[in-house]
Amino acid sequence: MIEGFNCPNCGAPADHAGAKLCTYCSTPFILTRSSTQISITNESLGKYTDLYKRITKDDPDFFDAQISLVLIYIKRKLFPLADNLSKKILEDFPDESSAYLWRVMSLLSSGEIRKLKLSQAREVAQLIHTGFSLSSEEGQPEFVMLAKRLGEEYFNNHSVVIPDEIEEVLGVDVDTEYLESNQSIAISILG
Ligand SMILES: [Zn+2]
């Protein structure tokens, strides 16, 4: 899938097409798939942008690269770009739970959660609910964490009744322990 590119961190050539990470510095190539915390310099953020743009141009169906580009736009604080791309991804991949996750991330990361408009908060609640429903067991805790954040920081904060979508997600018995020991890249962005 990915061919003839260099590591965005150290510049070493990827040793085979479809490689998941750099054999020299262990930097992951698909950031949204990496479970461990990694620090990315500003310089390499730009290189990641170039890498993902190239991949998505060659192969528009490469979902993980598209999603990773949303992550990079958020990290670079290019919120309008993250907004447009995450919207488009959701239209193109309506069955992918990660499309919902990163659409939510785009909506929540551009400002403080408590400062959302009510209509936006309700939209996010709906997205969390749908993403959670489509998610594998492994992916569910991230949606639960987001439901908690939205419930506390928006709805409780403004004394607005928590929407059923959020109550429903919070009512499912999901193991969030792994998130506490191994924070997800999405949750770490919200801080
Ligand atoms: Zn490298």
# chains A, B, ... in the order shown; residues from 1 in each chain; ligands from 1

$ residues_around --residues "region 62-76 of chain A" --least-positions-apart "5" --cutoff "9 Å" --atoms "only C-alpha atoms" --output "mmCIF file with C-alpha atoms, in the first residue's frame"
data_model
loop_
_atom_site.group_PDB
_atom_site.id
_atom_site.type_symbol
_atom_site.label_atom_id
_atom_site.label_comp_id
_atom_site.auth_asym_id
_atom_site.auth_seq_id
_atom_site.Cartn_x
_atom_site.Cartn_y
_atom_site.Cartn_z
ATOM 1 C CA MET A 1 0.000 0.000 0.000
ATOM 2 C CA PHE A 29 3.831 5.259 10.265
ATOM 3 C CA ILE A 30 0.098 5.087 10.949
ATOM 4 C CA LEU A 31 -0.317 7.211 14.054
ATOM 5 C CA THR A 32 -3.928 6.435 14.865
ATOM 6 C CA ARG A 33 -2.998 2.759 15.109
ATOM 7 C CA ASN A 42 6.863 20.012 15.041
ATOM 8 C CA LEU A 45 4.369 16.781 12.056
ATOM 9 C CA GLY A 46 4.958 18.504 8.729
ATOM 10 C CA TYR A 48 3.685 13.235 8.491
ATOM 11 C CA THR A 49 1.331 15.625 6.711
ATOM 12 C CA LEU A 51 3.377 11.403 3.917
ATOM 13 C CA TYR A 52 -0.369 11.048 4.513
ATOM 14 C CA LYS A 53 -1.257 13.451 1.730
ATOM 15 C CA ILE A 55 -0.721 8.104 0.527
ATOM 16 C CA THR A 56 -4.303 9.352 0.370
ATOM 17 C CA LEU A 81 -8.822 21.340 7.859
ATOM 18 C CA ALA A 82 -9.538 18.697 10.508
ATOM 19 C CA ASP A 83 -13.203 19.694 10.428
ATOM 20 C CA LEU A 85 -11.600 16.174 6.346
ATOM 21 C CA SER A 86 -13.307 14.408 9.269
ATOM 22 C CA ILE A 89 -14.319 10.717 5.936
ATOM 23 C CA PHE A 93 -16.787 5.510 5.545
ATOM 24 C CA GLU A 96 -16.081 2.715 10.467
ATOM 25 C CA SER A 98 -12.944 5.406 13.977
ATOM 26 C CA ALA A 99 -14.550 7.812 11.522
ATOM 27 C CA TRP A 102 -12.096 11.355 14.860
ATOM 28 C CA ARG A 103 -15.113 13.427 13.871
ATOM 29 C CA MET A 105 -12.142 14.576 18.232
ATOM 30 C CA SER A 106 -12.256 17.286 15.598
ATOM 31 C CA SER A 109 -10.405 19.614 20.313
ATOM 32 C CA SER A 110 -10.840 23.026 18.698
ATOM 33 C CA ILE A 185 -3.693 8.797 21.399
ATOM 34 C CA ALA A 186 -7.182 10.309 21.027
ATOM 35 C CA ILE A 189 -5.023 15.002 22.762
#

$ residues_around --residues "region 151-165 of chain A" --least-positions-apart "5" --cutoff "7 Å" --atoms "only C-alpha atoms" --output "ChimeraX atom specification"
/A:113-114,125-126,129

$ select_by_dssp --residues "region 117-170 of chain A" --states "helix (DSSP H, G or I)" --output "PyMOL selection string"
chain A and resi 118-134+140-156+164-170

$ residues_near_ligand --ligand "ligand 1" --cutoff "7 Å" --atoms "only C-alpha atoms and all ligand atoms" --output "PDB file with C-alpha atoms, in the first residue's frame"
ATOM      1  CA  CYS A   7      10.338   7.723   7.896  1.00  0.00           C
ATOM      2  CA  PRO A   8       8.816  11.084   8.908  1.00  0.00           C
ATOM      3  CA  ASN A   9      10.932  11.066  12.051  1.00  0.00           C
ATOM      4  CA  CYS A  10      14.465   9.983  11.080  1.00  0.00           C
ATOM      5  CA  GLY A  11      14.306   9.955   7.286  1.00  0.00           C
ATOM      6  CA  ALA A  12      15.325   6.312   6.905  1.00  0.00           C
ATOM      7  CA  CYS A  22      10.396   2.453  11.083  1.00  0.00           C
ATOM      8  CA  THR A  23      12.992  -0.286  11.550  1.00  0.00           C
ATOM      9  CA  TYR A  24      15.577   2.309  12.675  1.00  0.00           C
ATOM     10  CA  CYS A  25      13.795   4.565  15.152  1.00  0.00           C
ATOM     11  CA  SER A  26      10.549   2.593  15.723  1.00  0.00           C
ATOM     12  CA  THR A  27       8.357   5.574  14.824  1.00  0.00           C
TER      13      THR A  27
END

$ select_by_dssp --residues "chain A" --states "strand (DSSP E or B)" --output "number ranges by chain"
A: 6, 13, 21, 28

$ atom_distance --atom1 "CA of Val174 (chain A)" --atom2 "CA of Gln140 (chain A)"
7.1 Å
